[in-house]
$ cat upload_36.cif   # mmCIF, C-alpha atoms
data_start
loop_
_atom_site.label_atom_id
_atom_site.label_comp_id
_atom_site.auth_asym_id
_atom_site.auth_seq_id
_atom_site.Cartn_x
_atom_site.Cartn_y
_atom_site.Cartn_z
CA MET A 1 -46.82 256.76 70.97
CA LYS A 2 -44.35 254.99 68.77
CA ALA A 3 -43.54 251.37 67.97
CA ASP A 4 -41.23 249.44 65.71
CA VAL A 5 -44.18 247.55 64.21
CA VAL A 6 -47.88 248.38 64.43
CA VAL A 7 -50.18 245.43 63.70
CA ILE A 8 -53.66 246.51 62.58
CA GLY A 9 -56.06 243.81 63.78
CA GLY A 10 -55.65 241.64 66.85
CA ALA A 11 -57.48 238.45 65.89
CA VAL A 12 -55.63 235.28 64.93
CA MET A 13 -53.55 236.77 62.07
CA GLY A 14 -52.42 239.84 63.95
CA ALA A 15 -51.79 237.88 67.14
CA SER A 16 -49.75 235.29 65.23
CA VAL A 17 -47.57 237.98 63.63
CA ALA A 18 -47.02 239.64 67.01
CA PHE A 19 -46.10 236.33 68.63
CA TRP A 20 -43.57 235.39 65.96
CA LEU A 21 -42.01 238.86 65.87
CA LYS A 22 -41.42 238.85 69.62
CA ARG A 23 -40.23 235.27 69.62
CA MET A 24 -37.69 235.98 66.86
CA GLN A 25 -36.58 239.41 68.07
CA PRO A 26 -37.49 239.96 71.73
CA MET A 27 -36.33 243.59 71.84
CA LEU A 28 -38.65 244.64 69.00
CA ASP A 29 -41.45 247.00 70.10
CA VAL A 30 -44.69 245.51 68.72
CA LEU A 31 -48.05 247.24 69.14
CA VAL A 32 -51.29 245.43 68.19
CA VAL A 33 -54.42 247.54 67.64
CA GLU A 34 -57.80 245.77 67.86
CA ARG A 35 -61.16 247.51 67.55
CA ASP A 36 -63.14 244.87 69.51
CA PRO A 37 -61.33 242.77 72.13
CA THR A 38 -64.42 240.58 72.57
CA PHE A 39 -63.93 239.34 68.97
CA ALA A 40 -67.69 238.85 68.79
CA ARG A 41 -67.69 239.50 65.03
CA ALA A 42 -64.18 238.41 64.18
CA SER A 43 -63.77 235.79 61.47
CA THR A 44 -61.55 233.88 63.90
CA ALA A 45 -64.35 233.44 66.42
CA LEU A 46 -67.02 232.69 63.81
CA SER A 47 -65.10 230.13 61.76
CA ALA A 48 -65.79 226.40 61.56
CA ALA A 49 -62.35 225.80 63.13
CA GLY A 50 -61.05 223.18 60.73
CA ILE A 51 -57.69 222.24 59.27
CA ARG A 52 -57.04 220.14 56.18
CA GLN A 53 -54.22 219.08 53.89
CA GLN A 54 -56.44 218.75 50.83
CA PHE A 55 -55.61 221.90 48.88
CA THR A 56 -54.99 222.26 45.17
CA ASN A 57 -51.67 224.06 45.14
CA PRO A 58 -48.48 222.98 46.89
CA VAL A 59 -47.83 226.08 48.98
CA ASN A 60 -51.17 225.71 50.77
CA VAL A 61 -50.37 222.08 51.56
CA ASP A 62 -46.98 223.13 52.96
CA ILE A 63 -48.68 225.81 55.06
CA SER A 64 -51.07 223.20 56.46
CA ARG A 65 -48.27 220.73 57.11
CA PHE A 66 -46.74 223.28 59.46
CA GLY A 67 -50.13 224.23 60.87
CA ILE A 68 -51.15 220.73 61.90
CA ASP A 69 -47.93 220.18 63.84
CA PHE A 70 -48.26 223.56 65.52
CA ILE A 71 -51.87 222.87 66.54
CA ARG A 72 -51.23 219.30 67.65
CA ASN A 73 -48.23 220.33 69.80
CA PHE A 74 -49.58 223.74 70.72
CA GLN A 75 -48.03 224.36 74.13
CA GLU A 76 -44.64 223.02 73.09
CA ASN A 77 -44.57 225.10 69.92
CA LEU A 78 -45.57 228.30 71.69
CA GLY A 79 -42.65 227.92 74.04
CA VAL A 80 -44.55 229.95 76.65
CA ASP A 81 -46.91 228.49 79.24
CA VAL A 82 -50.25 230.18 78.55
CA GLY A 83 -52.42 227.74 80.50
CA ILE A 84 -53.86 226.13 77.35
CA PRO A 85 -52.29 222.65 77.23
CA THR A 86 -54.22 221.47 74.18
CA LEU A 87 -56.45 222.76 71.38
CA GLY A 88 -58.59 219.61 71.49
CA LEU A 89 -57.74 218.52 67.96
CA ARG A 90 -60.17 215.90 66.58
CA GLU A 91 -58.69 214.28 63.48
CA ASN A 92 -61.96 213.23 61.85
CA GLY A 93 -60.70 214.16 58.38
CA TYR A 94 -62.30 215.90 55.42
CA LEU A 95 -64.29 213.96 52.82
CA PHE A 96 -64.63 215.58 49.39
CA LEU A 97 -67.41 213.99 47.32
CA ALA A 98 -67.17 213.66 43.52
CA ARG A 99 -70.29 213.23 41.39
CA THR A 100 -68.62 213.19 37.96
CA ASP A 101 -65.66 211.45 36.38
CA SER A 102 -63.95 214.78 35.76
CA ALA A 103 -64.36 215.80 39.40
CA LEU A 104 -62.85 212.49 40.54
CA ALA A 105 -59.96 212.90 38.09
CA SER A 106 -59.20 216.30 39.61
CA LEU A 107 -59.31 214.93 43.16
CA THR A 108 -56.96 212.11 42.11
CA GLU A 109 -54.51 214.55 40.53
CA PHE A 110 -54.53 216.77 43.59
CA ALA A 111 -54.10 213.77 45.91
CA ALA A 112 -50.86 212.85 44.13
CA MET A 113 -49.51 216.35 44.70
CA GLN A 114 -50.65 216.30 48.34
CA HIS A 115 -48.84 212.98 48.87
CA ALA A 116 -45.64 214.50 47.49
CA HIS A 117 -45.88 217.16 50.20
CA GLY A 118 -46.50 214.75 53.07
CA ALA A 119 -50.29 214.44 53.18
CA ALA A 120 -52.05 211.09 53.58
CA THR A 121 -54.99 211.69 51.21
CA ARG A 122 -56.84 208.58 50.04
CA ILE A 123 -58.99 208.26 46.94
CA LEU A 124 -61.94 206.00 47.69
CA SER A 125 -64.45 204.27 45.44
CA PRO A 126 -68.16 204.69 46.19
CA GLN A 127 -68.19 201.20 47.70
CA ASP A 128 -65.15 201.91 49.89
CA THR A 129 -66.83 205.11 51.02
CA ALA A 130 -70.04 203.25 51.87
CA ASN A 131 -68.08 200.63 53.79
CA LEU A 132 -66.49 203.30 55.98
CA TRP A 133 -69.64 205.39 56.43
CA PRO A 134 -72.64 203.13 55.74
CA TRP A 135 -75.06 205.94 56.61
CA LEU A 136 -74.00 207.87 53.49
CA ASN A 137 -75.80 207.56 50.16
CA THR A 138 -73.05 206.94 47.59
CA ASP A 139 -75.26 205.88 44.65
CA ASP A 140 -74.61 209.05 42.65
CA LEU A 141 -70.90 209.36 43.49
CA THR A 142 -67.93 208.49 41.28
CA GLY A 143 -65.56 208.54 44.25
CA THR A 144 -64.31 210.54 47.20
CA SER A 145 -61.11 212.04 48.59
CA PHE A 146 -60.43 211.54 52.30
CA GLY A 147 -57.75 212.73 54.69
CA PRO A 148 -57.38 209.98 57.30
CA ARG A 149 -54.95 211.97 59.45
CA ASP A 150 -53.77 215.55 59.93
CA GLU A 151 -57.25 216.91 59.20
CA GLY A 152 -60.09 217.79 61.51
CA PHE A 153 -61.36 220.40 63.96
CA PHE A 154 -59.84 222.27 66.89
CA ASP A 155 -60.41 225.08 69.39
CA ASN A 156 -60.31 228.30 67.38
CA MET A 157 -60.52 230.62 70.36
CA GLY A 158 -57.87 228.61 72.17
CA LEU A 159 -55.50 229.23 69.27
CA LEU A 160 -56.24 232.96 69.37
CA ALA A 161 -55.93 233.16 73.15
CA GLY A 162 -52.65 231.26 73.04
CA PHE A 163 -51.10 233.54 70.44
CA ARG A 164 -52.23 236.67 72.27
CA SER A 165 -51.13 235.46 75.70
CA ALA A 166 -47.75 234.28 74.43
CA ALA A 167 -47.15 237.51 72.51
CA ARG A 168 -48.08 239.55 75.57
CA ALA A 169 -45.84 237.45 77.79
CA LEU A 170 -42.97 238.15 75.39
CA GLY A 171 -43.62 241.88 75.61
CA ALA A 172 -46.03 242.76 72.80
CA ARG A 173 -48.52 245.52 73.60
CA PHE A 174 -52.24 245.18 72.83
CA ILE A 175 -54.57 248.17 72.83
CA THR A 176 -58.26 248.69 72.00
CA ASP A 177 -58.75 251.39 69.40
CA THR A 178 -59.76 251.96 65.79
CA VAL A 179 -57.38 252.81 62.97
CA THR A 180 -58.52 255.92 61.12
CA GLY A 181 -55.55 256.71 58.89
CA LEU A 182 -52.09 255.83 57.63
CA ALA A 183 -49.36 258.46 57.44
CA THR A 184 -46.94 258.15 54.53
CA GLN A 185 -43.84 259.95 53.39
CA SER A 186 -41.50 259.25 50.48
CA GLY A 187 -43.25 255.98 49.65
CA ARG A 188 -43.21 254.54 53.15
CA ILE A 189 -45.55 254.25 56.11
CA THR A 190 -44.45 256.60 58.87
CA GLY A 191 -47.33 256.23 61.28
CA VAL A 192 -50.77 254.85 62.06
CA THR A 193 -53.53 257.20 63.21
CA LEU A 194 -55.85 255.93 65.93
CA GLY A 195 -59.36 257.07 66.72
CA GLN A 196 -58.57 257.77 70.36
CA GLY A 197 -54.83 257.40 70.73
CA GLY A 198 -53.55 259.84 68.14
CA GLN A 199 -50.76 258.96 65.75
CA VAL A 200 -48.33 256.14 66.42
CA ALA A 201 -45.00 256.54 64.64
CA CYS A 202 -43.68 253.24 63.32
CA ALA A 203 -41.02 251.66 61.15
CA ALA A 204 -43.46 249.11 59.69
CA ALA A 205 -47.16 248.27 59.76
CA VAL A 206 -49.10 245.06 59.17
CA ASN A 207 -52.61 244.96 57.71
CA ALA A 208 -54.29 242.09 59.58
CA ALA A 209 -57.77 243.59 59.41
CA GLY A 210 -59.58 240.53 58.02
CA PRO A 211 -62.75 241.41 56.08
CA ARG A 212 -61.96 245.10 56.61
CA ALA A 213 -58.54 244.85 54.95
CA SER A 214 -59.57 246.95 51.94
CA GLU A 215 -60.71 249.73 54.29
CA VAL A 216 -57.19 249.91 55.71
CA MET A 217 -55.63 249.98 52.25
CA ALA A 218 -57.98 252.77 51.19
CA MET A 219 -56.45 254.91 53.94
CA ALA A 220 -53.23 254.77 51.92
CA GLY A 221 -55.04 255.33 48.64
CA LEU A 222 -54.44 251.75 47.49
CA PRO A 223 -57.01 249.22 46.23
CA LEU A 224 -57.27 245.67 47.52
CA ALA A 225 -59.56 243.03 46.02
CA VAL A 226 -60.74 241.70 49.40
CA GLU A 227 -64.35 242.03 50.48
CA PRO A 228 -66.56 240.67 53.27
CA ARG A 229 -68.82 237.82 52.21
CA LYS A 230 -71.50 236.52 54.52
CA ARG A 231 -71.81 232.90 55.59
CA THR A 232 -74.72 231.65 57.70
CA VAL A 233 -73.81 228.55 59.74
CA PHE A 234 -76.55 226.35 61.19
CA VAL A 235 -76.24 224.18 64.29
CA ILE A 236 -78.63 221.26 63.90
CA ASP A 237 -79.85 218.46 66.09
CA ALA A 238 -80.35 215.22 64.13
CA PRO A 239 -81.19 212.42 66.57
CA ASN A 240 -80.84 209.71 63.90
CA ALA A 241 -77.43 211.03 62.79
CA ARG A 242 -75.31 210.67 65.90
CA HIS A 243 -71.92 210.21 64.23
CA PRO A 244 -69.43 212.23 66.31
CA LYS A 245 -66.43 210.70 64.49
CA ALA A 246 -67.75 211.52 61.02
CA PRO A 247 -65.53 213.57 58.70
CA LEU A 248 -66.35 217.01 57.43
CA LEU A 249 -68.41 216.40 54.29
CA ILE A 250 -67.97 218.62 51.25
CA ASP A 251 -70.73 218.04 48.70
CA THR A 252 -71.56 220.22 45.72
CA THR A 253 -74.00 222.45 47.59
CA PHE A 254 -73.07 222.23 51.28
CA TRP A 255 -70.53 221.25 53.89
CA ALA A 256 -71.38 219.63 57.22
CA ARG A 257 -69.46 218.26 60.17
CA PRO A 258 -70.25 216.82 63.60
CA GLU A 259 -69.99 219.04 66.64
CA HIS A 260 -70.19 216.68 69.62
CA GLN A 261 -73.82 215.42 69.58
CA HIS A 262 -74.91 217.95 66.96
CA TRP A 263 -73.84 219.03 63.47
CA ILE A 264 -72.89 222.34 61.92
CA THR A 265 -73.50 223.04 58.25
CA ALA A 266 -73.44 225.87 55.72
CA THR A 267 -73.58 226.63 52.00
CA VAL A 268 -72.48 229.30 49.55
CA PRO A 269 -75.48 231.45 48.56
CA ALA A 270 -76.36 231.38 44.87
CA ASP A 271 -76.16 235.18 44.82
CA ASP A 272 -72.89 235.27 46.75
CA GLY A 273 -71.33 238.70 46.74
CA PRO A 274 -69.99 241.44 48.96
CA CYS A 275 -71.84 242.52 52.07
CA ASP A 276 -71.42 245.41 54.44
CA ALA A 277 -68.78 244.77 57.08
CA ASP A 278 -71.44 245.31 59.75
CA ASP A 279 -74.07 243.05 58.14
CA PHE A 280 -74.54 239.99 60.31
CA ASP A 281 -78.18 239.28 59.50
CA PRO A 282 -78.62 235.54 58.81
CA ASP A 283 -79.87 234.08 55.53
CA LEU A 284 -82.25 231.65 57.25
CA ASN A 285 -83.89 230.48 54.02
CA LEU A 286 -80.68 228.68 53.03
CA TRP A 287 -81.41 225.87 55.48
CA GLU A 288 -84.74 224.66 54.08
CA ASP A 289 -84.27 225.81 50.49
CA VAL A 290 -80.73 224.56 49.86
CA ILE A 291 -79.00 222.61 52.62
CA TRP A 292 -81.55 220.23 54.11
CA PRO A 293 -82.82 218.66 50.85
CA ASP A 294 -79.28 217.87 49.72
CA LEU A 295 -78.09 216.81 53.16
CA TRP A 296 -81.04 214.45 53.49
CA HIS A 297 -80.30 213.04 50.04
CA ARG A 298 -76.67 212.47 50.96
CA ALA A 299 -77.44 210.96 54.36
CA PRO A 300 -81.01 209.66 54.91
CA CYS A 301 -80.37 209.62 58.66
CA PHE A 302 -80.98 213.38 58.55
CA ASP A 303 -84.70 212.71 58.17
CA ALA A 304 -85.54 214.27 61.53
CA VAL A 305 -83.68 217.54 61.99
CA LYS A 306 -84.10 220.66 64.08
CA VAL A 307 -82.09 223.88 63.80
CA ILE A 308 -81.17 224.79 67.35
CA ARG A 309 -79.16 227.95 66.62
CA HIS A 310 -77.22 229.72 63.93
CA TRP A 311 -74.51 232.32 63.52
CA VAL A 312 -73.15 234.54 60.77
CA GLY A 313 -69.50 235.06 59.96
CA HIS A 314 -67.61 236.82 57.20
CA TYR A 315 -65.07 235.46 54.77
CA ALA A 316 -62.29 237.91 53.88
CA TYR A 317 -62.85 237.00 50.25
CA ASN A 318 -60.08 237.54 47.70
CA THR A 319 -62.02 238.17 44.50
CA LEU A 320 -59.01 237.47 42.25
CA ASP A 321 -58.17 233.90 43.22
CA GLN A 322 -59.45 233.07 46.76
CA ASN A 323 -55.91 232.75 48.08
CA ALA A 324 -53.96 234.58 50.76
CA ILE A 325 -52.30 237.90 49.97
CA LEU A 326 -48.99 238.07 51.81
CA GLY A 327 -45.98 240.33 52.14
CA PRO A 328 -44.97 243.94 51.51
CA HIS A 329 -46.93 246.18 49.17
CA PRO A 330 -44.68 247.43 46.33
CA ALA A 331 -46.04 250.98 46.64
CA LEU A 332 -45.37 251.05 50.41
CA PRO A 333 -42.72 248.40 51.09
CA ASN A 334 -42.93 248.71 54.88
CA LEU A 335 -46.68 247.98 54.82
CA TYR A 336 -47.17 244.22 55.05
CA LEU A 337 -50.36 242.43 54.07
CA ILE A 338 -51.76 239.25 55.59
CA ASN A 339 -55.20 239.23 54.02
CA GLY A 340 -57.73 237.56 51.72
CA PHE A 341 -57.82 233.99 53.03
CA SER A 342 -61.35 233.35 51.76
CA GLY A 343 -62.33 231.00 54.57
CA HIS A 344 -59.16 229.00 55.23
CA GLY A 345 -57.22 231.56 57.25
CA LEU A 346 -57.52 230.16 60.77
CA GLN A 347 -55.62 226.98 59.92
CA GLN A 348 -52.98 228.96 58.01
CA SER A 349 -52.31 231.50 60.77
CA PRO A 350 -49.36 229.70 62.42
CA ALA A 351 -47.33 229.46 59.19
CA VAL A 352 -48.25 232.76 57.55
CA GLY A 353 -47.78 234.72 60.78
CA ARG A 354 -44.29 233.24 60.99
CA GLY A 355 -43.70 234.09 57.33
CA ILE A 356 -44.69 237.74 57.71
CA ALA A 357 -42.50 238.07 60.81
CA GLU A 358 -39.54 236.58 58.95
CA HIS A 359 -40.09 238.95 56.03
CA ILE A 360 -40.24 241.99 58.31
CA LEU A 361 -37.04 240.98 60.09
CA THR A 362 -34.99 239.68 57.15
CA GLY A 363 -36.49 241.23 54.02
CA GLY A 364 -37.62 237.94 52.47
CA TRP A 365 -39.36 234.60 52.89
CA GLN A 366 -37.33 232.14 54.94
CA THR A 367 -38.81 228.89 56.29
CA LEU A 368 -41.49 228.62 53.58
CA ASP A 369 -41.35 230.28 50.18
CA LEU A 370 -44.63 232.19 50.11
CA SER A 371 -43.80 234.25 47.02
CA ASP A 372 -46.66 232.68 45.02
CA LEU A 373 -49.00 234.50 47.41
CA SER A 374 -47.34 237.89 46.99
CA VAL A 375 -49.10 241.22 46.67
CA GLU A 376 -47.62 241.73 43.18
CA ARG A 377 -50.02 239.22 41.62
CA MET A 378 -52.97 241.29 42.84
CA ILE A 379 -51.58 244.41 41.18
CA THR A 380 -50.84 242.70 37.86
CA GLY A 381 -54.07 240.66 37.89
CA ARG A 382 -52.19 237.35 37.72
CA PRO A 383 -54.35 234.83 39.63
CA PHE A 384 -52.87 231.98 41.64
CA ALA A 385 -56.07 230.09 42.21
CA GLU A 386 -56.98 227.80 45.08
CA LYS A 387 -59.73 225.56 43.72
CA ALA A 388 -60.64 223.83 46.97
CA VAL A 389 -62.40 226.69 48.72
CA VAL A 390 -65.00 225.40 51.16
#
$ encode --input "upload_36.cif" --output "structure tokens"
Amino acid sequence: MKADVVVIGGAVMGASVAFWLKRMQPMLDVLVVERDPTFARASTALSAAGIRQQFTNPVNVDISRFGIDFIRNFQENLGVDVGIPTLGLRENGYLFLARTDSALASLTEFAAMQHAHGAATRILSPQDTANLWPWLNTDDLTGTSFGPRDEGFFDNMGLLAGFRSAARALGARFITDTVTGLATQSGRITGVTLGQGGQVACAAAVNAAGPRASEVMAMAGLPLAVEPRKRTVFVIDAPNARHPKAPLLIDTTFWARPEHQHWITATVPADDGPCDADDFDPDLNLWEDVIWPDLWHRAPCFDAVKVIRHWVGHYAYNTLDQNAILGPHPALPNLYLINGFSGHGLQQSPAVGRGIAEHILTGGWQTLDLSDLSVERMITGRPFAEKAVV
């Protein structure tokens, strides 16, 4: 086989790149290779499916500004009828809680930047917060940051299915196989070796392998500071906490959001670190030891709670600065990276997929300047930190 572009990974990042490539250049031959078309363990399928404008650096706000419009007007923006008229966006907002004066000062500073880029973030006093959500305990808060619009939750698998269906309708090819090697010559990728399909000659390749991104780079003898990190998400029934229009709460030790008549919640383990890419065993102790005591403190209506199910997903965690790694690799300039999102990738997929496609076709960033997220910073160890990682 051969292709103009081989995309390694067919979840939301790979599907977005394929869609934008075919939309921008219909005659381009795009091949997407995905190891598991059920996506049972893909970060896309196992995410909390949220989008927010409350980030701490401008480029991430700009990425989300594009993302919210794309998600809200999904069918129109795809330009191809894929039978998914809406992604069911619920604009409940995100509510960041501050317990110290310094934390509130940081939220206030970031809100000013977010406003400058089109976000509607509001800084609220503890009393204002209590007035809006009287079921919250605000006694130990110094303030909160709330996104009253353009933030919320949506259908993650609908987004993936839409990208894949639209890309396929435009002529992209999708196959089920594993990538076992990268062929290089004179400092360029010349082909991608498949477990069953042999070698596919190509003019460019895209690493969209999510938590397995470093495995792909190792095939070319290159390091990448991206590792899988496990997150156990609990679905809970709290009969005294029926607040389906509540925002996603971000406290110091947990996040929680409504999911119809239930809630979903998770935390970052105290011993957070890399896990095996095939490790999906839940950390069930996190519920009673960490989350529930603090959730009950924050909202006394969580006095009666039952865990009804749980799941485990992986962050593709960028250990340098928890930000996306985008663009061509200097050592192999026709190998493009779209990796390391550290938990906020789903919402960024419309904009960054477009950006990678533009870079492949034109040799540079076009609609959005994504150079702050370039691969070069990973090589030189120059962090570009995103502080609001949930």
$ residues_around --input "upload_36.cif" --residues "region 89-93 of chain A" --least-positions-apart "6" --cutoff "6 Å" --atoms "only C-alpha atoms" --output "mmCIF file with C-alpha atoms, in the frame of the given file"
data_model
loop_
_atom_site.group_PDB
_atom_site.id
_atom_site.type_symbol
_atom_site.label_atom_id
_atom_site.label_comp_id
_atom_site.auth_asym_id
_atom_site.auth_seq_id
_atom_site.Cartn_x
_atom_site.Cartn_y
_atom_site.Cartn_z
ATOM 1 C CA GLY A 147 -57.750 212.730 54.690
ATOM 2 C CA PRO A 148 -57.380 209.980 57.300
ATOM 3 C CA ARG A 149 -54.950 211.970 59.450
ATOM 4 C CA GLU A 151 -57.250 216.910 59.200
ATOM 5 C CA GLY A 152 -60.090 217.790 61.510
ATOM 6 C CA PHE A 153 -61.360 220.400 63.960
ATOM 7 C CA PHE A 154 -59.840 222.270 66.890
ATOM 8 C CA LYS A 245 -66.430 210.700 64.490
ATOM 9 C CA PRO A 247 -65.530 213.570 58.700
#
$ resolve_selection --input "upload_36.cif" --expression "the PyMOL selection byres ((chain A and resi 322) around 7)" --output "PyMOL selection string"
chain A and resi 317-321+323-324+340-342+385-386
$ closest_residue --input "upload_36.cif" --among "A:Asp69, A:Asp81, A:Glu376, A:Asp279" --to "Ala166 (chain A)" --atoms "only C-alpha atoms"
A:Asp81
$ resolve_selection --input "upload_36.cif" --expression "the PyMOL selection byres ((chain A and resi 109-113) around 9)" --output "list in words"
Gln54, Phe55, Thr56, Asn57, Pro58, Val61, Leu104, Ala105, Ser106, Leu107, Thr108, Gln114, His115, Ala116, His117, Ala119, Ala120, Thr121, Arg122, Ile123 and Ser145 of chain A
$ residues_near_point --input "upload_36.cif" --point "(-63.3, 202.7, 45.3)" --cutoff "12 Å" --atoms "only C-alpha atoms" --output "number ranges by chain"
A: 98, 104, 108, 122-132, 138, 141-146
$ residues_near_point --input "upload_36.cif" --point "(-56.8, 251.4, 47.3)" --cutoff "12 Å" --atoms "only C-alpha atoms" --output "list in words"
Ala213, Ser214, Glu215, Val216, Met217, Ala218, Met219, Ala220, Gly221, Leu222, Pro223, Leu224, Ala225, Val226, His329, Ala331, Leu332, Met378 and Ile379 of chain A
$ write_last_selection --input "upload_36.cif" --atoms "C-alpha atoms" --output "compact mmCIF listing (two decimals), keeping the file's coordinate frame"
# COMPACT_ATOMS: atom_id res chain seq x y z
CA ALA A 213 -58.54 244.85 54.95
CA SER A 214 -59.57 246.95 51.94
CA GLU A 215 -60.71 249.73 54.29
CA VAL A 216 -57.19 249.91 55.71
CA MET A 217 -55.63 249.98 52.25
CA ALA A 218 -57.98 252.77 51.19
CA MET A 219 -56.45 254.91 53.94
CA ALA A 220 -53.23 254.77 51.92
CA GLY A 221 -55.04 255.33 48.64
CA LEU A 222 -54.44 251.75 47.49
CA PRO A 223 -57.01 249.22 46.23
CA LEU A 224 -57.27 245.67 47.52
CA ALA A 225 -59.56 243.03 46.02
CA VAL A 226 -60.74 241.70 49.40
CA HIS A 329 -46.93 246.18 49.17
CA ALA A 331 -46.04 250.98 46.64
CA LEU A 332 -45.37 251.05 50.41
CA MET A 378 -52.97 241.29 42.84
CA ILE A 379 -51.58 244.41 41.18
$ residues_around --input "upload_36.cif" --residues "Thr38 (chain A)" --least-positions-apart "5" --cutoff "12 Å" --atoms "all atoms listed in the file" --output "JSON, numbers by chain"
{"A": [10, 11, 44, 45, 157, 160, 161, 176]}
$ closest_residue --input "upload_36.cif" --among "A:Ile264, A:Ile250, A:Leu286, A:Leu335" --to "Ala183 (chain A)" --atoms "all atoms listed in the file"
A:Leu335
$ closest_residue --input "upload_36.cif" --among "A:Val390, A:Leu21, A:Leu326, A:Leu249" --to "Asp294 (chain A)" --atoms "all atoms listed in the file"
A:Leu249
$ closest_residue --input "upload_36.cif" --among "A:Val59, A:Val33, A:Ile189, A:Ala48" --to "Glu259 (chain A)" --atoms "all atoms listed in the file"
A:Ala48
$ atom_distance --input "upload_36.cif" --atom1 "CA of Thr252 (chain A)" --atom2 "CA of Asp276 (chain A)"
26.7 Å
$ closest_residue --input "upload_36.cif" --among "A:Leu28, A:Gln53, A:Arg164, A:Val12" --to "Ile84 (chain A)" --atoms "only C-alpha atoms"
A:Arg164
$ closest_residue --input "upload_36.cif" --among "A:Asn60, A:Asp281, A:Val32, A:Ala204" --to "Gly191 (chain A)" --atoms "all atoms listed in the file"
A:Ala204
$ resolve_selection --input "upload_36.cif" --expression "the PyMOL selection byres ((chain A and resi 314) around 10)" --output "number ranges by chain"
A: 41-44, 46-47, 210-211, 227-232, 274-280, 312-313, 315-317, 342-343
$ write_last_selection --input "upload_36.cif" --atoms "C-alpha atoms" --output "PDB file, in the coordinates of the input"
ATOM      1  CA  ARG A  41     -67.690 239.500  65.030  1.00  0.00           C
ATOM      2  CA  ALA A  42     -64.180 238.410  64.180  1.00  0.00           C
ATOM      3  CA  SER A  43     -63.770 235.790  61.470  1.00  0.00           C
ATOM      4  CA  THR A  44     -61.550 233.880  63.900  1.00  0.00           C
ATOM      5  CA  LEU A  46     -67.020 232.690  63.810  1.00  0.00           C
ATOM      6  CA  SER A  47     -65.100 230.130  61.760  1.00  0.00           C
ATOM      7  CA  GLY A 210     -59.580 240.530  58.020  1.00  0.00           C
ATOM      8  CA  PRO A 211     -62.750 241.410  56.080  1.00  0.00           C
ATOM      9  CA  GLU A 227     -64.350 242.030  50.480  1.00  0.00           C
ATOM     10  CA  PRO A 228     -66.560 240.670  53.270  1.00  0.00           C
ATOM     11  CA  ARG A 229     -68.820 237.820  52.210  1.00  0.00           C
ATOM     12  CA  LYS A 230     -71.500 236.520  54.520  1.00  0.00           C
ATOM     13  CA  ARG A 231     -71.810 232.900  55.590  1.00  0.00           C
ATOM     14  CA  THR A 232     -74.720 231.650  57.700  1.00  0.00           C
ATOM     15  CA  PRO A 274     -69.990 241.440  48.960  1.00  0.00           C
ATOM     16  CA  CYS A 275     -71.840 242.520  52.070  1.00  0.00           C
ATOM     17  CA  ASP A 276     -71.420 245.410  54.440  1.00  0.00           C
ATOM     18  CA  ALA A 277     -68.780 244.770  57.080  1.00  0.00           C
ATOM     19  CA  ASP A 278     -71.440 245.310  59.750  1.00  0.00           C
ATOM     20  CA  ASP A 279     -74.070 243.050  58.140  1.00  0.00           C
ATOM     21  CA  PHE A 280     -74.540 239.990  60.310  1.00  0.00           C
ATOM     22  CA  VAL A 312     -73.150 234.540  60.770  1.00  0.00           C
ATOM     23  CA  GLY A 313     -69.500 235.060  59.960  1.00  0.00           C
ATOM     24  CA  TYR A 315     -65.070 235.460  54.770  1.00  0.00           C
ATOM     25  CA  ALA A 316     -62.290 237.910  53.880  1.00  0.00           C
ATOM     26  CA  TYR A 317     -62.850 237.000  50.250  1.00  0.00           C
ATOM     27  CA  SER A 342     -61.350 233.350  51.760  1.00  0.00           C
ATOM     28  CA  GLY A 343     -62.330 231.000  54.570  1.00  0.00           C
TER      29      GLY A 343
END
$ residues_around --input "upload_36.cif" --residues "Ala18 (chain A)" --least-positions-apart "5" --cutoff "12 Å" --atoms "all atoms listed in the file" --output "ChimeraX atom specification"
/A:4-13,23-26,28-33,160,162-174,205-206,208,349-350,352-358,360
$ atom_distance --input "upload_36.cif" --atom1 "CA of Val389 (chain A)" --atom2 "CA of Asn137 (chain A)"
23.4 Å
$ atom_distance --input "upload_36.cif" --atom1 "CA of Gly50 (chain A)" --atom2 "CA of Leu346 (chain A)"
7.8 Å
